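Everything below belongs to structure.cif, which stores mmCIF, C-alpha atoms, pLDDT in the B column; chains and numbers go by the auth columns.
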data_model
#
loop_
_atom_site.group_PDB
_atom_site.id
_atom_site.type_symbol
_atom_site.label_atom_id
_atom_site.label_comp_id
_atom_site.label_asym_id
_atom_site.label_seq_id
_atom_site.Cartn_x
_atom_site.Cartn_y
_atom_site.Cartn_z
_atom_site.B_iso_or_equiv
_atom_site.auth_seq_id
_atom_site.auth_asym_id
ATOM 1 C CA VAL A 1 69.765 189.421 71.044 70.00 1 A
ATOM 2 C CA TYR A 2 67.067 187.654 69.050 75.00 2 A
ATOM 3 C CA ASN A 3 65.477 184.361 70.013 82.00 3 A
ATOM 4 C CA ILE A 4 63.628 182.654 67.222 84.00 4 A
ATOM 5 C CA ASP A 5 61.461 179.594 67.723 80.00 5 A
ATOM 6 C CA ILE A 6 62.946 177.150 65.199 79.00 6 A
ATOM 7 C CA LYS A 7 59.620 175.367 64.791 84.00 7 A
ATOM 8 C CA THR A 8 57.460 178.423 64.063 88.00 8 A
ATOM 9 C CA GLY A 9 59.953 181.144 63.086 87.00 9 A
ATOM 10 C CA VAL A 10 58.390 183.494 65.647 87.00 10 A
ATOM 11 C CA ILE A 11 60.661 185.884 67.543 88.00 11 A
ATOM 12 C CA MET A 12 60.418 185.147 71.245 89.00 12 A
ATOM 13 C CA ASP A 13 60.709 188.094 73.591 89.00 13 A
ATOM 14 C CA ASP A 14 61.966 187.929 77.176 89.00 14 A
ATOM 15 C CA ALA A 15 58.450 187.465 78.580 91.00 15 A
ATOM 16 C CA LYS A 16 57.842 184.407 76.394 90.00 16 A
ATOM 17 C CA LEU A 17 61.211 182.938 77.335 91.00 17 A
ATOM 18 C CA LEU A 18 60.496 183.441 81.029 91.00 18 A
ATOM 19 C CA ARG A 19 57.155 181.653 80.671 91.00 19 A
ATOM 20 C CA MET A 20 58.758 178.861 78.658 89.00 20 A
ATOM 21 C CA PHE A 21 61.285 178.250 81.445 91.00 21 A
ATOM 22 C CA ASP A 22 58.745 178.829 84.240 92.00 22 A
ATOM 23 C CA GLU A 23 60.764 181.754 85.598 91.00 23 A
ATOM 24 C CA GLU A 24 59.744 185.185 86.903 92.00 24 A
ATOM 25 C CA VAL A 25 61.547 188.489 86.448 92.00 25 A
ATOM 26 C CA GLU A 26 62.401 188.514 90.156 93.00 26 A
ATOM 27 C CA ASP A 27 64.119 185.128 89.724 90.00 27 A
ATOM 28 C CA ILE A 28 66.692 186.799 87.486 90.00 28 A
ATOM 29 C CA TYR A 29 67.657 189.350 90.127 92.00 29 A
ATOM 30 C CA GLU A 30 67.744 186.675 92.828 92.00 30 A
ATOM 31 C CA GLU A 31 70.006 184.443 90.699 89.00 31 A
ATOM 32 C CA ILE A 32 72.400 187.361 90.229 88.00 32 A
ATOM 33 C CA ARG A 33 72.400 188.133 93.970 91.00 33 A
ATOM 34 C CA GLU A 34 73.117 184.466 94.773 90.00 34 A
ATOM 35 C CA SER A 35 75.871 184.118 92.180 86.00 35 A
ATOM 36 C CA ARG A 36 79.546 184.310 92.984 85.00 36 A
ATOM 37 C CA ILE A 37 80.173 187.348 90.792 81.00 37 A
ATOM 38 C CA LEU A 38 81.948 190.351 92.259 81.00 38 A
ATOM 39 C CA ASP A 39 79.545 192.914 93.800 83.00 39 A
ATOM 40 C CA ALA A 40 76.513 190.693 93.156 87.00 40 A
ATOM 41 C CA ASP A 41 74.063 192.976 95.003 91.00 41 A
ATOM 42 C CA TYR A 42 75.223 195.995 93.015 86.00 42 A
ATOM 43 C CA VAL A 43 75.013 194.075 89.745 85.00 43 A
ATOM 44 C CA ALA A 44 71.475 192.866 90.566 90.00 44 A
ATOM 45 C CA MET A 45 70.419 196.456 91.269 91.00 45 A
ATOM 46 C CA TYR A 46 72.111 197.699 88.107 87.00 46 A
ATOM 47 C CA VAL A 47 70.445 195.016 85.978 89.00 47 A
ATOM 48 C CA ARG A 48 67.067 195.821 87.558 92.00 48 A
ATOM 49 C CA ASN A 49 67.497 199.495 86.680 92.00 49 A
ATOM 50 C CA ASN A 50 69.180 199.159 83.283 88.00 50 A
ATOM 51 C CA GLY A 51 67.901 195.937 81.804 90.00 51 A
ATOM 52 C CA TYR A 52 69.116 192.651 80.412 91.00 52 A
ATOM 53 C CA ASN A 53 68.562 190.310 77.502 91.00 53 A
ATOM 54 C CA LEU A 54 67.658 186.656 77.631 92.00 54 A
ATOM 55 C CA TYR A 55 68.641 183.925 75.237 91.00 55 A
ATOM 56 C CA VAL A 56 68.734 180.156 75.061 91.00 56 A
ATOM 57 C CA ASP A 57 72.223 178.693 74.692 89.00 57 A
ATOM 58 C CA GLU A 58 73.218 175.695 72.581 87.00 58 A
ATOM 59 C CA TYR A 59 72.429 173.378 75.517 90.00 59 A
ATOM 60 C CA GLY A 60 68.873 174.684 75.927 88.00 60 A
ATOM 61 C CA ARG A 61 69.611 176.687 79.074 90.00 61 A
ATOM 62 C CA LEU A 62 68.188 180.132 79.743 91.00 62 A
ATOM 63 C CA VAL A 63 70.955 182.737 79.936 92.00 63 A
ATOM 64 C CA VAL A 64 70.812 186.330 81.180 90.00 64 A
ATOM 65 C CA LEU A 65 73.042 188.723 79.264 91.00 65 A
ATOM 66 C CA PHE A 66 73.822 191.979 81.057 87.00 66 A
ATOM 67 C CA GLU A 67 76.484 194.624 81.500 82.00 67 A
ATOM 68 C CA TYR A 68 78.552 194.820 84.659 75.00 68 A
ATOM 69 C CA VAL A 69 79.594 198.400 85.272 74.00 69 A
ATOM 70 C CA SER A 70 82.324 199.212 87.745 74.00 70 A
ATOM 71 C CA ASP A 71 84.170 202.456 88.370 80.00 71 A
ATOM 72 C CA ASP A 72 86.567 201.980 85.494 84.00 72 A
ATOM 73 C CA GLU A 73 85.071 199.502 83.019 86.00 73 A
ATOM 74 C CA THR A 74 81.994 197.938 81.486 85.00 74 A
ATOM 75 C CA ILE A 75 82.020 194.183 80.939 83.00 75 A
ATOM 76 C CA GLU A 76 79.360 192.110 79.224 88.00 76 A
ATOM 77 C CA LYS A 77 78.432 189.174 81.467 85.00 77 A
ATOM 78 C CA GLU A 78 76.334 186.061 81.049 88.00 78 A
ATOM 79 C CA LEU A 79 74.620 184.102 83.808 87.00 79 A
ATOM 80 C CA ILE A 80 72.984 180.724 83.235 88.00 80 A
ATOM 81 C CA LEU A 81 69.760 180.433 85.201 81.00 81 A
ATOM 82 C CA GLU A 82 69.689 177.191 87.125 70.00 82 A
ATOM 83 C CA ASP A 83 66.611 175.007 87.429 57.00 83 A
#
Represent the structure of the file as structure tokens.
Amino acid sequence: VYNIDIKTGVIMDDAKLLRMFDEEVEDIYEEIRESRILDADYVAMYVRNNGYNLYVDEYGRLVVLFEYVSDDETIEKELILED
């Protein structure tokens, strides 16, 4: 996932996106734990240990992209961080 500032052409990493949206890394894990996804605590732990990507969607919302791994499958998931 690449996030490019359309005004400057600079690639924005996750840290810059978090600052831009006034979010902290811990906010991501908390949002996952509070979501209604299946096994939210497990997914938050998995994301903490294995990483995620951030991007800004077409509506200007910050989205966390991560993999949900269960016993029999891996699914790519997206979670919009709420204000």
Exercise for review: Taking the file above as input, evaluate the PyMOL selection byres ((chain A and resi 66-77) around 12) and report the hits as a ChimeraX atom specification.
Suggested key: /A:1,28-29,32,37-55,63-65,78-80
Review point. If you measure from atom CA of A:Leu62 to atom CA of A:Phe21, what distance in Å do you get, rounded to one decimal?
Key: 7.4 Å
Check your understanding: Separation of atom CA of A:Glu30 and atom CA of A:Leu17, in Å?
Key -> 17.2 Å
Per-axis box centre and lengths in Å around stretch 19-34 of chain A, 8 Å margin per side, axis-aligned, as JSON:
{"center_x": 65.1, "center_y": 183.8, "center_z": 86.7, "size_x": 32.0, "size_y": 27.1, "size_z": 32.1}
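Atom to atom, atom CA of A:Leu81 and atom CA of A:Lys7 stand 23.3 Å apart.
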**Study point:** Counting only C-alpha atoms, the option among A:Asp22, A:Asp5, A:Asp57, A:Glu82 closest to A:Ser35
**Key:**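 Counting only C-alpha atoms, the residue closest to A:Ser35 is A:Glu82.
Nearest to A:Asp13 of all the residues A:Asp27, A:Arg33, A:Arg61, A:Val56 is A:Val56, based on all atoms listed in the file.
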